[in-house]
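Trainee: Just one file: model_37.cif, with mmCIF, N, CA, C and O atoms.
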```cif
data_data
#
loop_
_atom_site.label_atom_id
_atom_site.label_comp_id
_atom_site.auth_asym_id
_atom_site.auth_seq_id
_atom_site.Cartn_x
_atom_site.Cartn_y
_atom_site.Cartn_z
N GLU A 1 -2.84 -7.97 -6.90
CA GLU A 1 -3.82 -9.05 -6.88
C GLU A 1 -3.19 -10.36 -6.43
O GLU A 1 -3.76 -11.08 -5.63
N ALA A 2 -2.00 -10.68 -6.96
CA ALA A 2 -1.33 -11.94 -6.60
C ALA A 2 -1.02 -11.98 -5.10
O ALA A 2 -1.15 -13.04 -4.47
N LEU A 3 -0.63 -10.85 -4.54
CA LEU A 3 -0.34 -10.78 -3.11
C LEU A 3 -1.57 -11.14 -2.29
O LEU A 3 -1.51 -11.91 -1.34
N PHE A 4 -2.73 -10.60 -2.68
CA PHE A 4 -3.96 -10.86 -1.93
C PHE A 4 -4.39 -12.31 -2.08
O PHE A 4 -4.89 -12.91 -1.13
N ASN A 5 -4.18 -12.90 -3.25
CA ASN A 5 -4.49 -14.32 -3.44
C ASN A 5 -3.61 -15.18 -2.53
O ASN A 5 -4.10 -16.15 -1.93
N SER A 6 -2.34 -14.84 -2.40
CA SER A 6 -1.44 -15.57 -1.50
C SER A 6 -1.87 -15.42 -0.05
O SER A 6 -1.84 -16.38 0.72
N MET A 7 -2.27 -14.22 0.32
CA MET A 7 -2.71 -13.97 1.69
C MET A 7 -3.96 -14.78 2.01
O MET A 7 -4.11 -15.28 3.13
N GLN A 8 -4.85 -14.95 1.04
CA GLN A 8 -6.07 -15.74 1.25
C GLN A 8 -5.73 -17.17 1.65
O GLN A 8 -6.42 -17.76 2.46
N ARG A 9 -4.68 -17.73 1.07
CA ARG A 9 -4.32 -19.12 1.33
C ARG A 9 -3.84 -19.34 2.76
O ARG A 9 -3.99 -20.43 3.30
N VAL A 10 -3.25 -18.33 3.38
CA VAL A 10 -2.69 -18.52 4.71
C VAL A 10 -3.52 -17.87 5.82
O VAL A 10 -3.35 -18.19 6.99
N ALA A 11 -4.41 -16.97 5.47
CA ALA A 11 -5.22 -16.28 6.47
C ALA A 11 -6.37 -17.17 6.93
O ALA A 11 -6.96 -17.89 6.14
N ASP A 12 -6.64 -17.12 8.21
CA ASP A 12 -7.81 -17.81 8.72
C ASP A 12 -8.56 -16.88 9.68
O ASP A 12 -8.20 -15.72 9.82
N LYS A 13 -9.57 -17.40 10.30
CA LYS A 13 -10.40 -16.60 11.20
C LYS A 13 -9.53 -15.96 12.27
O LYS A 13 -8.64 -16.61 12.83
N ASN A 14 -9.76 -14.70 12.53
CA ASN A 14 -9.08 -13.91 13.55
C ASN A 14 -7.64 -13.54 13.20
O ASN A 14 -6.90 -13.08 14.06
N THR A 15 -7.23 -13.71 11.95
CA THR A 15 -5.91 -13.24 11.53
C THR A 15 -5.91 -11.71 11.55
O THR A 15 -6.82 -11.08 11.02
N LEU A 16 -4.89 -11.14 12.16
CA LEU A 16 -4.72 -9.69 12.16
C LEU A 16 -3.93 -9.30 10.92
O LEU A 16 -2.92 -9.93 10.60
N LEU A 17 -4.38 -8.28 10.22
CA LEU A 17 -3.74 -7.87 8.98
C LEU A 17 -3.31 -6.41 9.08
O LEU A 17 -4.10 -5.55 9.49
N PHE A 18 -2.07 -6.15 8.74
CA PHE A 18 -1.53 -4.79 8.71
C PHE A 18 -0.90 -4.57 7.34
O PHE A 18 -0.10 -5.38 6.88
N ILE A 19 -1.29 -3.49 6.67
CA ILE A 19 -0.74 -3.14 5.36
C ILE A 19 -0.42 -1.65 5.37
O ILE A 19 -1.21 -0.84 5.86
N ARG A 20 0.72 -1.32 4.82
CA ARG A 20 1.07 0.08 4.60
C ARG A 20 1.49 0.21 3.15
O ARG A 20 2.36 -0.52 2.68
N THR A 21 0.86 1.13 2.43
CA THR A 21 1.18 1.31 1.02
C THR A 21 1.22 2.80 0.69
O THR A 21 0.60 3.61 1.37
N ARG A 22 1.94 3.13 -0.32
CA ARG A 22 2.02 4.52 -0.78
C ARG A 22 0.81 4.84 -1.65
O ARG A 22 0.26 3.98 -2.32
N THR A 23 0.46 6.13 -1.66
CA THR A 23 -0.65 6.59 -2.49
C THR A 23 -0.10 7.36 -3.69
O THR A 23 1.07 7.75 -3.70
N PRO A 24 -0.94 7.64 -4.67
CA PRO A 24 -0.50 8.45 -5.82
C PRO A 24 -0.08 9.87 -5.44
O PRO A 24 0.54 10.56 -6.26
N ASP A 25 -0.37 10.32 -4.23
CA ASP A 25 0.09 11.64 -3.78
C ASP A 25 1.55 11.64 -3.35
O ASP A 25 2.12 12.69 -3.07
N ASP A 26 2.16 10.47 -3.29
CA ASP A 26 3.55 10.34 -2.83
C ASP A 26 4.52 10.90 -3.87
O ASP A 26 4.28 10.83 -5.08
N TYR A 27 5.63 11.43 -3.42
CA TYR A 27 6.69 11.99 -4.26
C TYR A 27 7.15 11.00 -5.32
O TYR A 27 7.49 11.39 -6.45
N ARG A 28 7.17 9.72 -5.02
CA ARG A 28 7.74 8.70 -5.90
C ARG A 28 6.82 8.31 -7.06
O ARG A 28 7.25 7.65 -7.99
N PHE A 29 5.54 8.69 -6.97
CA PHE A 29 4.56 8.27 -7.97
C PHE A 29 4.98 8.71 -9.37
O PHE A 29 5.33 9.86 -9.60
N ALA A 30 4.96 7.77 -10.30
CA ALA A 30 5.25 7.99 -11.72
C ALA A 30 6.69 8.42 -11.98
O ALA A 30 6.98 9.01 -13.02
N LYS A 31 7.59 8.11 -11.07
CA LYS A 31 9.01 8.43 -11.27
C LYS A 31 9.75 7.15 -11.64
O LYS A 31 10.34 6.49 -10.79
N GLY A 32 9.66 6.80 -12.89
CA GLY A 32 10.34 5.60 -13.36
C GLY A 32 9.54 4.91 -14.45
O GLY A 32 8.59 5.46 -14.99
N GLU A 33 9.94 3.69 -14.73
CA GLU A 33 9.29 2.91 -15.79
C GLU A 33 7.96 2.36 -15.28
O GLU A 33 7.90 1.68 -14.25
N LYS A 34 6.90 2.64 -16.00
CA LYS A 34 5.57 2.15 -15.63
C LYS A 34 5.49 0.66 -15.94
O LYS A 34 5.72 0.23 -17.07
N LEU A 35 5.17 -0.13 -14.92
CA LEU A 35 5.07 -1.58 -15.08
C LEU A 35 3.62 -2.05 -15.22
O LEU A 35 3.35 -3.03 -15.88
N SER A 36 2.72 -1.35 -14.55
CA SER A 36 1.30 -1.64 -14.64
C SER A 36 0.56 -0.36 -14.24
O SER A 36 1.20 0.69 -14.05
N GLU A 37 -0.74 -0.44 -14.09
CA GLU A 37 -1.55 0.75 -13.83
C GLU A 37 -0.99 1.62 -12.70
O GLU A 37 -0.90 2.81 -12.82
N ASN A 38 -0.61 1.00 -11.58
CA ASN A 38 -0.15 1.76 -10.42
C ASN A 38 1.26 1.41 -9.96
O ASN A 38 1.66 1.80 -8.86
N SER A 39 2.01 0.67 -10.74
CA SER A 39 3.34 0.21 -10.33
C SER A 39 4.43 0.77 -11.22
O SER A 39 4.27 0.84 -12.45
N TYR A 40 5.54 1.13 -10.58
CA TYR A 40 6.67 1.74 -11.29
C TYR A 40 7.98 1.14 -10.78
O TYR A 40 8.14 0.88 -9.59
N LEU A 41 8.92 0.96 -11.71
CA LEU A 41 10.29 0.64 -11.36
C LEU A 41 11.00 1.98 -11.22
O LEU A 41 11.21 2.69 -12.21
N LEU A 42 11.30 2.34 -9.99
CA LEU A 42 11.80 3.69 -9.72
C LEU A 42 13.18 3.93 -10.33
O LEU A 42 14.04 3.06 -10.33
N ASP A 43 13.36 5.15 -10.83
CA ASP A 43 14.65 5.55 -11.40
C ASP A 43 15.23 6.77 -10.66
O ASP A 43 16.06 7.48 -11.20
N ILE A 44 14.78 6.98 -9.44
CA ILE A 44 15.23 8.14 -8.67
C ILE A 44 16.25 7.70 -7.62
O ILE A 44 16.11 6.64 -7.01
N LYS A 45 17.27 8.50 -7.45
CA LYS A 45 18.33 8.18 -6.49
C LYS A 45 18.12 8.85 -5.14
O LYS A 45 18.59 8.36 -4.13
N GLU A 46 17.40 9.99 -5.15
CA GLU A 46 17.32 10.80 -3.94
C GLU A 46 16.63 10.12 -2.76
O GLU A 46 16.84 10.51 -1.62
N THR A 47 15.81 9.10 -3.01
CA THR A 47 15.15 8.41 -1.90
C THR A 47 15.87 7.11 -1.53
O THR A 47 15.45 6.42 -0.61
N GLY A 48 16.90 6.75 -2.29
CA GLY A 48 17.60 5.50 -2.05
C GLY A 48 16.85 4.29 -2.56
O GLY A 48 17.13 3.16 -2.17
N GLU A 49 15.88 4.52 -3.47
CA GLU A 49 15.04 3.42 -3.95
C GLU A 49 15.19 3.14 -5.45
O GLU A 49 14.34 2.48 -6.04
N GLU A 50 16.24 3.62 -6.05
CA GLU A 50 16.46 3.38 -7.47
C GLU A 50 16.48 1.87 -7.72
O GLU A 50 17.12 1.11 -7.00
N GLY A 51 15.71 1.44 -8.73
CA GLY A 51 15.64 0.02 -9.08
C GLY A 51 14.61 -0.77 -8.28
O GLY A 51 14.45 -1.96 -8.50
N LYS A 52 13.91 -0.12 -7.38
CA LYS A 52 12.88 -0.78 -6.57
C LYS A 52 11.51 -0.59 -7.21
O LYS A 52 11.23 0.43 -7.82
N ILE A 53 10.64 -1.58 -7.05
CA ILE A 53 9.29 -1.50 -7.57
C ILE A 53 8.38 -0.94 -6.48
O ILE A 53 8.43 -1.41 -5.34
N ASN A 54 7.60 0.05 -6.82
CA ASN A 54 6.62 0.62 -5.90
C ASN A 54 5.25 0.56 -6.54
O ASN A 54 5.08 0.90 -7.71
N THR A 55 4.26 0.14 -5.75
CA THR A 55 2.86 0.14 -6.18
C THR A 55 2.12 1.16 -5.34
O THR A 55 2.28 1.20 -4.12
N PHE A 56 1.33 1.98 -5.96
CA PHE A 56 0.64 3.09 -5.32
C PHE A 56 -0.87 2.84 -5.41
O PHE A 56 -1.39 2.61 -6.50
N LEU A 57 -1.56 2.91 -4.28
CA LEU A 57 -3.00 2.66 -4.25
C LEU A 57 -3.71 3.78 -3.49
O LEU A 57 -3.20 4.28 -2.49
N SER A 58 -4.89 4.12 -3.94
CA SER A 58 -5.74 5.03 -3.16
C SER A 58 -6.41 4.19 -2.07
O SER A 58 -6.43 2.95 -2.12
N GLN A 59 -6.99 4.87 -1.10
CA GLN A 59 -7.71 4.14 -0.05
C GLN A 59 -8.86 3.35 -0.64
O GLN A 59 -9.11 2.21 -0.25
N GLU A 60 -9.53 3.92 -1.61
CA GLU A 60 -10.64 3.22 -2.26
C GLU A 60 -10.15 1.95 -2.97
O GLU A 60 -10.78 0.90 -2.87
N GLU A 61 -9.04 2.05 -3.69
CA GLU A 61 -8.51 0.88 -4.39
C GLU A 61 -8.08 -0.21 -3.41
O GLU A 61 -8.38 -1.40 -3.63
N LEU A 62 -7.39 0.18 -2.34
CA LEU A 62 -6.97 -0.80 -1.34
C LEU A 62 -8.18 -1.43 -0.68
O LEU A 62 -8.24 -2.66 -0.53
N GLY A 63 -9.17 -0.62 -0.33
CA GLY A 63 -10.39 -1.15 0.30
C GLY A 63 -11.12 -2.13 -0.60
O GLY A 63 -11.59 -3.18 -0.13
N THR A 64 -11.19 -1.83 -1.88
CA THR A 64 -11.86 -2.73 -2.83
C THR A 64 -11.12 -4.07 -2.91
O THR A 64 -11.75 -5.13 -2.87
N LEU A 65 -9.80 -4.03 -3.02
CA LEU A 65 -9.02 -5.27 -3.06
C LEU A 65 -9.22 -6.10 -1.80
O LEU A 65 -9.40 -7.32 -1.86
N LEU A 66 -9.19 -5.45 -0.66
CA LEU A 66 -9.37 -6.17 0.60
C LEU A 66 -10.76 -6.79 0.68
O LEU A 66 -10.90 -7.96 1.06
N ASP A 67 -11.78 -6.04 0.30
CA ASP A 67 -13.16 -6.54 0.37
C ASP A 67 -13.42 -7.66 -0.63
O ASP A 67 -14.29 -8.50 -0.40
N GLU A 68 -12.69 -7.69 -1.73
CA GLU A 68 -12.83 -8.78 -2.69
C GLU A 68 -12.28 -10.09 -2.15
O GLU A 68 -12.69 -11.17 -2.58
N HIS A 69 -11.35 -10.01 -1.20
CA HIS A 69 -10.65 -11.20 -0.72
C HIS A 69 -11.00 -11.62 0.70
O HIS A 69 -10.77 -12.78 1.07
N PHE A 70 -11.54 -10.71 1.51
CA PHE A 70 -11.76 -11.01 2.92
C PHE A 70 -13.04 -10.38 3.45
O PHE A 70 -13.46 -9.33 2.98
N ASP A 71 -13.60 -11.02 4.48
CA ASP A 71 -14.60 -10.41 5.34
C ASP A 71 -13.87 -10.07 6.64
O ASP A 71 -13.05 -10.86 7.12
N PHE A 72 -14.17 -8.91 7.19
CA PHE A 72 -13.46 -8.44 8.37
C PHE A 72 -14.39 -8.29 9.56
O PHE A 72 -15.55 -7.89 9.41
N SER A 73 -13.86 -8.58 10.75
CA SER A 73 -14.56 -8.27 12.00
C SER A 73 -14.50 -6.77 12.23
O SER A 73 -15.45 -6.17 12.71
N TYR A 74 -13.35 -6.19 11.92
CA TYR A 74 -13.18 -4.74 11.96
C TYR A 74 -12.05 -4.35 11.03
O TYR A 74 -11.18 -5.17 10.71
N LYS A 75 -12.07 -3.11 10.58
CA LYS A 75 -10.99 -2.60 9.74
C LYS A 75 -10.91 -1.08 9.90
O LYS A 75 -11.92 -0.41 10.10
N TYR A 76 -9.68 -0.59 9.84
CA TYR A 76 -9.41 0.84 10.00
C TYR A 76 -8.39 1.29 8.95
O TYR A 76 -7.46 0.55 8.63
N PHE A 77 -8.57 2.50 8.47
CA PHE A 77 -7.63 3.12 7.54
C PHE A 77 -7.12 4.41 8.17
O PHE A 77 -7.88 5.16 8.79
N LEU A 78 -5.85 4.68 7.99
CA LEU A 78 -5.25 5.92 8.43
C LEU A 78 -4.47 6.49 7.25
O LEU A 78 -3.67 5.77 6.62
N ASN A 79 -4.71 7.74 6.92
CA ASN A 79 -3.93 8.41 5.87
C ASN A 79 -2.82 9.18 6.55
O ASN A 79 -3.06 9.96 7.48
N HIS A 80 -1.60 8.94 6.09
CA HIS A 80 -0.43 9.52 6.74
C HIS A 80 0.37 10.29 5.69
O HIS A 80 0.85 9.70 4.72
N LYS A 81 0.50 11.59 5.89
CA LYS A 81 1.29 12.43 4.98
C LYS A 81 2.32 13.21 5.80
O LYS A 81 1.99 13.77 6.85
N TYR A 82 3.55 13.20 5.31
CA TYR A 82 4.62 13.92 5.99
C TYR A 82 5.75 14.18 5.01
O TYR A 82 5.86 13.52 3.98
N ASP A 83 6.57 15.15 5.32
CA ASP A 83 7.72 15.49 4.49
C ASP A 83 9.01 15.10 5.20
O ASP A 83 9.08 15.17 6.43
N THR A 84 9.98 14.69 4.41
CA THR A 84 11.33 14.46 4.92
C THR A 84 12.30 15.24 4.05
O THR A 84 12.01 15.55 2.88
N LEU A 85 13.42 15.58 4.61
CA LEU A 85 14.46 16.31 3.88
C LEU A 85 15.63 15.37 3.68
O LEU A 85 16.17 14.81 4.63
N ARG A 86 16.02 15.19 2.43
CA ARG A 86 17.14 14.31 2.10
C ARG A 86 17.98 14.98 1.03
O ARG A 86 17.48 15.26 -0.07
N ASP A 87 19.23 15.25 1.36
CA ASP A 87 20.16 15.89 0.41
C ASP A 87 19.56 17.18 -0.16
O ASP A 87 19.60 17.42 -1.37
N ASN A 88 18.97 18.00 0.70
CA ASN A 88 18.37 19.29 0.34
C ASN A 88 17.18 19.16 -0.61
O ASN A 88 16.85 20.11 -1.32
N ILE A 89 16.54 18.00 -0.65
CA ILE A 89 15.33 17.78 -1.44
C ILE A 89 14.21 17.41 -0.48
O ILE A 89 14.37 16.53 0.38
N ILE A 90 13.08 18.08 -0.60
CA ILE A 90 11.93 17.74 0.22
C ILE A 90 11.20 16.57 -0.44
O ILE A 90 10.78 16.65 -1.59
N ILE A 91 11.07 15.48 0.30
CA ILE A 91 10.40 14.27 -0.16
C ILE A 91 9.04 14.22 0.54
O ILE A 91 8.97 14.09 1.76
N SER A 92 7.97 14.35 -0.23
CA SER A 92 6.61 14.27 0.33
C SER A 92 6.17 12.82 0.32
O SER A 92 6.09 12.19 -0.73
N ASN A 93 5.90 12.30 1.50
CA ASN A 93 5.46 10.93 1.67
C ASN A 93 3.96 10.91 1.87
O ASN A 93 3.41 11.73 2.61
N ALA A 94 3.29 9.97 1.24
CA ALA A 94 1.84 9.81 1.39
C ALA A 94 1.53 8.32 1.45
O ALA A 94 1.75 7.59 0.49
N ASP A 95 1.07 7.89 2.61
CA ASP A 95 0.81 6.47 2.85
C ASP A 95 -0.61 6.25 3.33
O ASP A 95 -1.22 7.13 3.93
N ILE A 96 -1.08 5.04 3.10
CA ILE A 96 -2.31 4.55 3.72
C ILE A 96 -1.87 3.41 4.63
O ILE A 96 -1.12 2.52 4.21
N ILE A 97 -2.33 3.46 5.85
CA ILE A 97 -2.06 2.40 6.80
C ILE A 97 -3.40 1.71 7.08
O ILE A 97 -4.38 2.37 7.41
N PHE A 98 -3.41 0.40 6.92
CA PHE A 98 -4.62 -0.38 7.15
C PHE A 98 -4.33 -1.42 8.22
O PHE A 98 -3.27 -2.03 8.23
N TRP A 99 -5.29 -1.59 9.11
CA TRP A 99 -5.24 -2.74 9.99
C TRP A 99 -6.65 -3.24 10.21
O TRP A 99 -7.61 -2.49 10.21
N GLY A 100 -6.75 -4.56 10.34
CA GLY A 100 -8.06 -5.17 10.52
C GLY A 100 -7.92 -6.59 11.02
O GLY A 100 -6.83 -7.15 11.08
N LYS A 101 -9.04 -7.16 11.37
CA LYS A 101 -9.10 -8.55 11.82
C LYS A 101 -9.97 -9.31 10.85
O LYS A 101 -11.15 -8.98 10.65
N ILE A 102 -9.40 -10.33 10.24
CA ILE A 102 -10.10 -11.12 9.23
C ILE A 102 -11.11 -12.04 9.91
O ILE A 102 -10.77 -12.77 10.84
N LYS A 103 -12.36 -11.96 9.45
CA LYS A 103 -13.40 -12.88 9.91
C LYS A 103 -13.30 -14.17 9.11
O LYS A 103 -13.37 -15.26 9.63
N LYS A 104 -13.10 -14.00 7.77
CA LYS A 104 -12.90 -15.16 6.90
C LYS A 104 -12.34 -14.68 5.57
O LYS A 104 -12.58 -13.57 5.15
N ALA A 105 -11.60 -15.57 4.93
CA ALA A 105 -11.12 -15.31 3.58
C ALA A 105 -12.20 -15.76 2.60
O ALA A 105 -12.87 -16.77 2.82
N LYS A 106 -12.38 -15.00 1.54
CA LYS A 106 -13.33 -15.37 0.49
C LYS A 106 -12.58 -16.23 -0.51
O LYS A 106 -11.63 -15.78 -1.12
N LYS A 107 -12.97 -17.45 -0.64
CA LYS A 107 -12.24 -18.39 -1.50
C LYS A 107 -12.96 -18.60 -2.80
O LYS A 107 -14.11 -18.49 -2.96
#
```
Starting from the coordinates I provided, produce the structure as structure tokens.

Mentor:
Amino acid sequence: EALFNSMQRVADKNTLLFIRTRTPDDYRFAKGEKLSENSYLLDIKETGEEGKINTFLSQEELGTLLDEHFDFSYKYFLNHKYDTLRDNIIISNADIIFWGKIKKAKK
């Protein structure tokens, strides 16, 4: 929420917005200390992200947050799932990629 409030302050008409976030289907989900509903301080070493904070959103959750803060000329979502192999461990990645053009920020 704080990130979107900050973006509202700097976004103006015709600002292009690109966001990529992990979804709850991602390998990293719930692997670490829960900080909030969808955020975790990761405790896994195999991805090289130990000690990093990750927030996981569904497309619906991301869309709701965006719509609460902005009106768009256009917006697109892409769901991206793929596996990587790291140290003989299969890491399932699940991302949502969003891009859109802001018509106006809702203040």

Trainee: I need the output of the PyMOL selection byres ((chain A and resi 88-105) around 5) for this file as a ChimeraX atom specification; which residues are they?

Mentor: /A:12-23,25-27,69-87,106-107

Trainee: Would you compute the distance between atom CA of A:Gln59 and atom CA of A:Pro24? Give it in Å to one decimal.

Mentor: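 Distance reported for this atom pair: 10.2 Å.
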
Trainee: So how many Å separate atom C of A:Gly32 and atom CA of A:Leu57, to one decimal?

Mentor: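 Distance reported for this atom pair: 16.3 Å.
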
Trainee: Where in chain A does DSSP assign helix (DSSP H, G or I), given as number ranges by chain?

Mentor: A: 2-10, 59-69

Trainee: So what do you get for atom N of A:Gln8 versus atom C of A:Ala30, distance-wise?

Mentor: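 Taking atom N of A:Gln8 and atom C of A:Ala30, their separation equals 29.1 Å.
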
Trainee: Using DSSP secondary structure from the backbone, list all strand (DSSP E) positions within chain A, as an NGL selection string.

Mentor: :A and (16-22 or 32-36 or 39-42 or 53-55 or 70-86 or 89-105)

Trainee: As lines of an AutoDock Vina configuration file, please: the centre and edge lengths in Å, to one decimal, of an axis-aligned box enclosing every listed atom of stretch 19-34 of chain A with 5 Å added on each side.

Mentor:
```
center_x = 4.5
center_y = 4.6
center_z = -5.2
size_x = 21.6
size_y = 26.2
size_z = 33.7
```

Trainee: Just say which residues the PyMOL selection byres (((chain A and resi 39 and name CA) around 9) and name CA) picks in this file, as a list in words.

Mentor: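 Residues picked by the PyMOL selection byres (((chain A and resi 39 and name CA) around 9) and name CA): Phe29, Ala30, Glu33, Lys34, Leu35, Ser36, Glu37, Asn38, Tyr40, Leu41, Ile53, Asn54, Thr55 and Phe56 of chain A.
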